[in-house]
Each structure stands twice: as C-alpha cells, then as structure tokens.
$ cat run_4.tsv   # TSV, C-alpha atoms and all ligand atoms
chain	number	residue	atom	x	y	z
Q	1	MET	CA	192.75	-117.64	47.81
Q	2	SER	CA	193.45	-114.32	46.16
Q	3	GLY	CA	192.67	-111.15	48.09
Q	4	ARG	CA	190.64	-109.76	45.24
Q	5	PHE	CA	187.72	-111.93	46.28
Q	6	LYS	CA	187.65	-110.24	49.67
Q	7	THR	CA	184.64	-108.04	49.51
Q	8	GLU	CA	182.43	-106.86	52.29
Q	9	LEU	CA	178.92	-105.58	52.67
Q	10	ASP	CA	178.45	-102.56	54.89
Q	11	GLU	CA	177.70	-103.53	58.44
Q	12	VAL	CA	174.00	-103.45	59.21
Q	13	GLU	CA	171.99	-103.60	62.40
Q	14	LEU	CA	169.02	-105.95	62.14
Q	15	ASP	CA	166.22	-107.19	64.29
Q	16	GLU	CA	165.45	-110.90	64.15
Q	17	ALA	CA	162.98	-110.55	61.27
Q	18	GLY	CA	165.58	-108.62	59.29
Q	19	LEU	CA	168.26	-111.21	59.94
Q	20	VAL	CA	165.91	-114.00	58.89
Q	21	ALA	CA	164.96	-112.14	55.72
Q	22	LEU	CA	168.59	-111.67	54.75
Q	23	ALA	CA	169.38	-115.36	55.30
Q	24	GLN	CA	166.37	-116.25	53.18
Q	25	ARG	CA	167.59	-114.06	50.32
Q	26	LEU	CA	171.03	-115.64	50.47
Q	27	ALA	CA	169.50	-119.12	50.41
Q	28	GLY	CA	168.28	-118.54	46.87
Q	29	ARG	CA	171.90	-118.36	45.63
Q	30	LEU	CA	173.21	-121.53	47.22
Q	31	GLU	CA	172.00	-124.22	44.85
Q	32	ASP	CA	175.61	-124.99	43.84
Q	33	GLY	CA	176.71	-125.36	47.45
Q	34	GLY	CA	179.56	-123.68	49.28
Q	35	VAL	CA	180.94	-123.01	52.73
Q	36	ILE	CA	179.60	-120.42	55.16
Q	37	HIS	CA	181.25	-119.72	58.49
Q	38	LEU	CA	179.03	-118.15	61.15
Q	39	ARG	CA	181.05	-116.19	63.68
Q	40	GLY	CA	179.91	-114.41	66.80
Q	41	ASP	CA	179.52	-114.67	70.56
Q	42	LEU	CA	177.06	-116.91	72.37
Q	43	GLY	CA	173.56	-115.89	71.41
Q	44	ALA	CA	174.67	-113.64	68.57
Q	45	GLY	CA	172.20	-115.21	66.13
Q	46	LYS	CA	174.22	-117.87	64.30
Q	47	THR	CA	171.63	-120.61	64.64
Q	48	THR	CA	168.85	-118.16	63.82
Q	49	PHE	CA	170.62	-117.29	60.57
Q	50	ALA	CA	171.33	-120.95	59.73
Q	51	ARG	CA	167.75	-122.01	60.49
Q	52	ALA	CA	166.29	-119.30	58.28
Q	53	LEU	CA	168.63	-120.27	55.50
Q	54	LEU	CA	167.90	-123.99	55.80
Q	55	GLY	CA	164.19	-123.36	55.96
Q	56	ALA	CA	164.30	-121.25	52.82
Q	57	LEU	CA	166.30	-123.95	51.05
Q	58	GLY	CA	163.44	-126.33	51.67
Q	59	VAL	CA	164.77	-128.41	54.55
Q	60	GLY	CA	161.35	-129.59	55.56
Q	61	THR	CA	161.91	-131.27	58.88
Q	62	ARG	CA	162.07	-129.38	62.12
Q	63	ILE	CA	165.49	-127.77	62.04
Q	64	LYS	CA	167.41	-128.70	65.16
Q	65	SER	CA	170.36	-126.79	66.52
Q	66	PRO	CA	173.51	-128.96	66.32
Q	67	THR	CA	174.62	-127.67	69.72
Q	68	TYR	CA	174.71	-131.18	71.17
Q	69	SER	CA	175.00	-133.37	68.09
Q	70	LEU	CA	177.79	-131.19	66.55
Q	71	ILE	CA	176.35	-131.90	63.11
Q	72	GLU	CA	172.90	-132.01	61.54
Q	73	SER	CA	172.76	-133.15	57.92
Q	74	TYR	CA	170.08	-132.75	55.27
Q	75	GLU	CA	169.66	-133.20	51.57
Q	76	VAL	CA	167.64	-130.89	49.36
Q	77	ARG	CA	167.25	-131.48	45.62
Q	78	GLY	CA	170.41	-133.60	45.58
Q	79	LEU	CA	172.47	-131.06	47.54
Q	80	PRO	CA	173.97	-132.48	50.75
Q	81	ILE	CA	173.78	-129.88	53.53
Q	82	HIS	CA	175.68	-129.97	56.82
Q	83	HIS	CA	175.06	-127.64	59.73
Q	84	LEU	CA	177.87	-127.75	62.29
Q	85	ASP	CA	178.23	-126.25	65.75
Q	86	LEU	CA	181.81	-126.67	66.93
Q	87	TYR	CA	181.39	-124.94	70.28
Q	88	ARG	CA	181.96	-128.20	72.13
Q	89	ILE	CA	184.97	-129.25	70.12
Q	90	ALA	CA	188.04	-129.28	72.33
Q	91	ALA	CA	190.56	-129.82	69.54
Q	92	PRO	CA	190.26	-129.66	65.74
Q	93	GLU	CA	191.23	-133.36	65.51
Q	94	GLU	CA	187.82	-134.23	66.93
Q	95	LEU	CA	186.36	-133.11	63.62
Q	96	GLU	CA	187.65	-136.33	62.04
Q	97	PHE	CA	184.75	-138.18	63.63
Q	98	LEU	CA	182.37	-136.13	61.55
Q	99	GLY	CA	183.86	-137.47	58.31
Q	100	LEU	CA	184.28	-134.01	56.86
Q	101	SER	CA	187.18	-135.09	54.65
Q	102	ASP	CA	184.57	-136.79	52.45
Q	103	LEU	CA	183.31	-133.36	51.59
Q	104	ALA	CA	186.38	-132.44	49.57
Q	105	VAL	CA	185.15	-134.20	46.45
Q	106	ALA	CA	181.44	-133.54	46.48
Q	107	ARG	CA	179.14	-130.62	45.88
Q	108	PHE	CA	177.80	-129.67	49.27
Q	109	LEU	CA	176.67	-126.82	51.44
Q	110	LEU	CA	178.32	-126.38	54.82
Q	111	LEU	CA	177.17	-123.99	57.54
Q	112	ALA	CA	179.53	-123.86	60.50
Q	113	GLU	CA	178.95	-122.16	63.85
Q	114	TRP	CA	182.09	-121.57	65.94
Q	115	PRO	CA	184.36	-122.30	62.92
Q	116	GLU	CA	187.40	-120.97	64.77
Q	117	ARG	CA	187.30	-124.13	66.90
Q	118	GLY	CA	187.65	-126.32	63.82
Q	119	GLY	CA	190.92	-124.80	62.67
Q	120	ASP	CA	192.32	-126.17	59.44
Q	121	ALA	CA	190.19	-129.31	59.73
Q	122	LEU	CA	187.23	-127.25	58.54
Q	123	PRO	CA	186.84	-126.35	54.86
Q	124	ALA	CA	187.74	-122.72	54.18
Q	125	PRO	CA	184.78	-120.38	53.83
Q	126	ASP	CA	183.35	-118.77	50.74
Q	127	LEU	CA	181.56	-116.38	53.05
Q	128	ILE	CA	182.01	-115.34	56.67
Q	129	VAL	CA	178.94	-114.09	58.50
Q	130	HIS	CA	179.97	-111.97	61.48
Q	131	LEU	CA	177.25	-111.45	64.09
Q	132	ALA	CA	177.44	-109.33	67.23
Q	133	HIS	CA	175.06	-108.20	69.94
Q	134	ALA	CA	173.75	-104.67	69.48
Q	135	GLY	CA	171.33	-103.99	72.31
Q	136	PRO	CA	168.08	-105.73	71.40
Q	137	ARG	CA	169.28	-106.23	67.83
Q	138	ARG	CA	172.31	-107.73	66.09
Q	139	ARG	CA	175.10	-106.26	64.00
Q	140	LEU	CA	175.81	-108.21	60.84
Q	141	ARG	CA	178.81	-108.05	58.57
Q	142	LEU	CA	179.30	-110.27	55.53
Q	143	GLU	CA	182.74	-110.93	54.16
Q	144	SER	CA	183.52	-113.03	51.09
Q	145	GLU	CA	186.70	-115.07	50.81
Q	146	THR	CA	186.30	-116.61	47.35
Q	147	ALA	CA	184.91	-115.72	43.93
Q	148	ARG	CA	181.81	-117.69	44.81
Q	149	GLY	CA	181.32	-115.75	48.03
Q	150	ALA	CA	181.91	-112.46	46.22
Q	151	ARG	CA	179.23	-113.46	43.72
Q	152	TRP	CA	176.75	-114.13	46.52
Q	153	LEU	CA	177.50	-110.74	48.05
Q	154	GLY	CA	177.20	-109.02	44.71
Q	155	ILE	CA	173.69	-110.34	44.43
Q	156	LEU	CA	172.83	-109.37	48.00
Q	157	SER	CA	174.31	-105.90	47.98
Q	158	GLY	CA	171.84	-103.08	48.12
Q	159	GLN	CA	169.27	-105.38	49.66
Q	160	THR	CA	170.47	-105.42	53.25
Q	161	SER	CA	168.99	-102.14	54.46
Q	162	GLY	CA	165.41	-101.55	55.45
V	201	LIG	N1	168.76	-110.04	64.82
V	201	LIG	C1	168.31	-110.38	66.03
V	201	LIG	N2	167.81	-109.46	66.87
V	201	LIG	C2	167.40	-109.80	68.10
V	201	LIG	N3	167.41	-111.07	68.61
V	201	LIG	C3	167.89	-112.03	67.83
V	201	LIG	C4	168.37	-111.75	66.50
V	201	LIG	N4	168.80	-112.93	65.95
V	201	LIG	C5	168.61	-113.87	66.88
V	201	LIG	N5	168.07	-113.37	68.01
V	201	LIG	C6	167.75	-114.09	69.25
V	201	LIG	O1	168.96	-114.29	69.95
V	201	LIG	C7	168.92	-115.52	70.67
V	201	LIG	C8	170.14	-116.38	70.36
V	201	LIG	O2	170.13	-116.70	68.98
V	201	LIG	P1	170.88	-117.96	68.38
V	201	LIG	O3	170.54	-119.19	69.12
V	201	LIG	O4	170.63	-117.92	66.92
V	201	LIG	O5	172.41	-117.58	68.71
V	201	LIG	P2	173.73	-118.40	68.40
V	201	LIG	O6	174.72	-117.42	67.88
V	201	LIG	O7	173.45	-119.59	67.58
V	201	LIG	O8	174.18	-118.85	69.86
V	201	LIG	P3	175.18	-120.06	70.28
V	201	LIG	O9	176.56	-119.49	70.22
V	201	LIG	O10	174.76	-120.35	71.68
V	201	LIG	O11	174.97	-121.20	69.34
V	201	LIG	C9	167.60	-116.19	70.28
V	201	LIG	O12	166.69	-115.97	71.34
V	201	LIG	C10	167.17	-115.46	69.04
V	201	LIG	O13	165.77	-115.43	68.94
V	202	MG	MG	173.87	-121.63	67.86

$ encode --input "run_4.tsv" --output "structure tokens" --more "lines below"
Ligand SMILES: Nc1ncnc2c1ncn2[C@@H]1O[C@H](COP(=O)(O)OP(=O)(O)OP(=O)(O)O)[C@@H](O)[C@H]1O
Ligand SMILES: [Mg+2]
Amino acid sequence: MSGRFKTELDEVELDEAGLVALAQRLAGRLEDGGVIHLRGDLGAGKTTFARALLGALGVGTRIKSPTYSLIESYEVRGLPIHHLDLYRIAAPEELEFLGLSDLAVARFLLLAEWPERGGDALPAPDLIVHLAHAGPRRRLRLESETARGARWLGILSGQTSG
C-alpha cells in the first residue's frame, strides 16, 4: 500500500471514558467494514477499545473478550464482524483454523488484538491503534495504512482532545 495513506493522529492520553468515547466515534464510520489492528502490552486497553466500538455498532449481546476463544463473531445490519485475540497463538499457521481466508472476498469488519502474532496470515490493517500504559491512563496513537484508514482518521481528527 502506498505510503501516502500513512497518516497519524497526534498521540493523546485518555482515561477509560475518553478511550471509550473515541472508539464510539470511530464506530460510526465503519459501516463499510475494514481491518483494525489493536496493538499494545497486556492490559493496555485493546479489549476496552474493541468493546466500546462493538457496542456502538449495535452488537447487542454481552460482548465477550476473545482471550480464550481466539475469535468472537457478530453480524450487524448485514456486516460480519470478527473480534480476534491472537495472544495465545503460537504460530501464524494456527490462524487457518479460524477460516480467515474466507474474509478475502467479503465485506467485513475485523478487530484484531495482538496482530503481530498473526503475521501475514492476518489481513493487513486499514488502521493501527497503538495503546500504552500511562500511569492511571493510556496513551493512544492512531495510524492509518490505507486510503480507507486515512479517511477514518480525517473524520476523527480534531475530536480526540478533551
Ligand atoms: N484509557 C484507560 N485508562 C485507564 N484504564 C483503562 C483504560 N482503558 C482500559 N483500562 C483498564 O485497563 C484494564 C485492561 O484493559 P483491557 O482488558 O482492555 O486491556 P487489553 O489490552 O485488552 O489486555 P490484554 O492484552 O490482556 O488483552 C481494564 O481494567 C480496563 O478497565
Ligand atoms: Mg484484551
């Protein structure tokens, strides 16, 4: 993908309510689907971000963390949604069991925690969400990798502070 789609929002420090609010704003742009990688250490807020996003999209059921199941799937208004947590993946080949290759043809939304463990077996991201511990809060940096991701960030920019 061309480097010109690489845009970044200024890093922000957010409490949990702020992180949730940002994820909720992003959710409103995802009706066409896409791929979001959630990067950060244990406890950095990846599931919190994903849950807020899924909730805002209208995933009605209790939103489970895929920590043990590896994948939790939903469908909202015809959009298939997959929430992955690859922490327990030992090798990218294990991803084959999740049937992700089916995703290549369809419109879908993919949220992946620990994407670095999926290697090339995981679809490339439109957006990378970087989360890091910052005392009682979290540092968040958003980085787009595609035109779609850049469009999402364009809509979000200027709304991340406060
Ligand atoms: N912005 C924030 N500020 C402070 N605490 C937060 C923030 N976001 C999430 N937390 C808290 O941090 C803890 C860990 O969050 P979460 O489970 O989302 O992390 P994670 O990155 O998914 O971790 P794992 O790598 O284990 O899956 C939770 O108790 C959550 O309430
Ligand atoms: Mg998690």

$ closest_residue --input "run_4.tsv" --among "Q:Gly34, Q:Pro125, Q:Gly55, Q:Gly18" --to "Q:Arg107" --atoms "only C-alpha atoms"
Q:Gly34

$ atom_distance --input "run_4.tsv" --atom1 "atom CA of Q:Thr48" --atom2 "atom MG of ligand MG 202 (chain V)"
7.3 Å

$ residues_near_ligand --input "run_4.tsv" --ligand "ligand LIG 201 (chain V)" --cutoff "6 Å" --atoms "all atoms listed in the file" --output "list in words"
Leu14, Asp15, Glu16, Leu19, Asp41, Leu42, Gly43, Ala44, Gly45, Lys46, Thr47, Thr48, Pro136, Arg137 and Arg138 of chain Q

$ closest_atom_pairs --input "run_4.tsv" --of "chain Q" --to "ligand MG 202 (chain V)" --cutoff "12 Å" --atoms "only C-alpha atoms and all ligand atoms" --output "Markdown table"
| residue | atom | partner | partner_atom | distance |
| --- | --- | --- | --- | --- |
| Q:Leu38 | CA | V:MG202 | MG | 9.2 |
| Q:Arg39 | CA | V:MG202 | MG | 9.9 |
| Q:Gly40 | CA | V:MG202 | MG | 9.5 |
| Q:Asp41 | CA | V:MG202 | MG | 9.4 |
| Q:Leu42 | CA | V:MG202 | MG | 7.3 |
| Q:Gly43 | CA | V:MG202 | MG | 6.8 |
| Q:Ala44 | CA | V:MG202 | MG | 8.1 |
| Q:Gly45 | CA | V:MG202 | MG | 6.9 |
| Q:Lys46 | CA | V:MG202 | MG | 5.2 |
| Q:Thr47 | CA | V:MG202 | MG | 4.1 |
| Q:Thr48 | CA | V:MG202 | MG | 7.3 |
| Q:Phe49 | CA | V:MG202 | MG | 9.1 |
| Q:Ala50 | CA | V:MG202 | MG | 8.5 |
| Q:Arg51 | CA | V:MG202 | MG | 9.6 |
| Q:Ile63 | CA | V:MG202 | MG | 11.9 |
| Q:Lys64 | CA | V:MG202 | MG | 10.0 |
| Q:Ser65 | CA | V:MG202 | MG | 6.4 |
| Q:Pro66 | CA | V:MG202 | MG | 7.5 |
| Q:Thr67 | CA | V:MG202 | MG | 6.4 |
| Q:Tyr68 | CA | V:MG202 | MG | 10.1 |
| Q:Ser69 | CA | V:MG202 | MG | 11.8 |
| Q:Leu70 | CA | V:MG202 | MG | 10.4 |
| Q:Ile71 | CA | V:MG202 | MG | 11.6 |
| Q:His83 | CA | V:MG202 | MG | 10.2 |
| Q:Leu84 | CA | V:MG202 | MG | 9.2 |
| Q:Asp85 | CA | V:MG202 | MG | 6.7 |
| Q:Leu86 | CA | V:MG202 | MG | 9.5 |
| Q:Tyr87 | CA | V:MG202 | MG | 8.6 |
| Q:Arg88 | CA | V:MG202 | MG | 11.3 |
| Q:Leu111 | CA | V:MG202 | MG | 11.1 |
| Q:Ala112 | CA | V:MG202 | MG | 9.5 |
| Q:Glu113 | CA | V:MG202 | MG | 6.5 |
| Q:Trp114 | CA | V:MG202 | MG | 8.4 |
| Q:Pro115 | CA | V:MG202 | MG | 11.6 |
| Q:Leu131 | CA | V:MG202 | MG | 11.4 |

$ atom_distance --input "run_4.tsv" --atom1 "atom CA of Q:Ala121" --atom2 "atom CA of Q:Ala150"
23.1 Å

$ atom_distance --input "run_4.tsv" --atom1 "atom CA of Q:Glu143" --atom2 "atom CA of Q:Val76"
25.5 Å
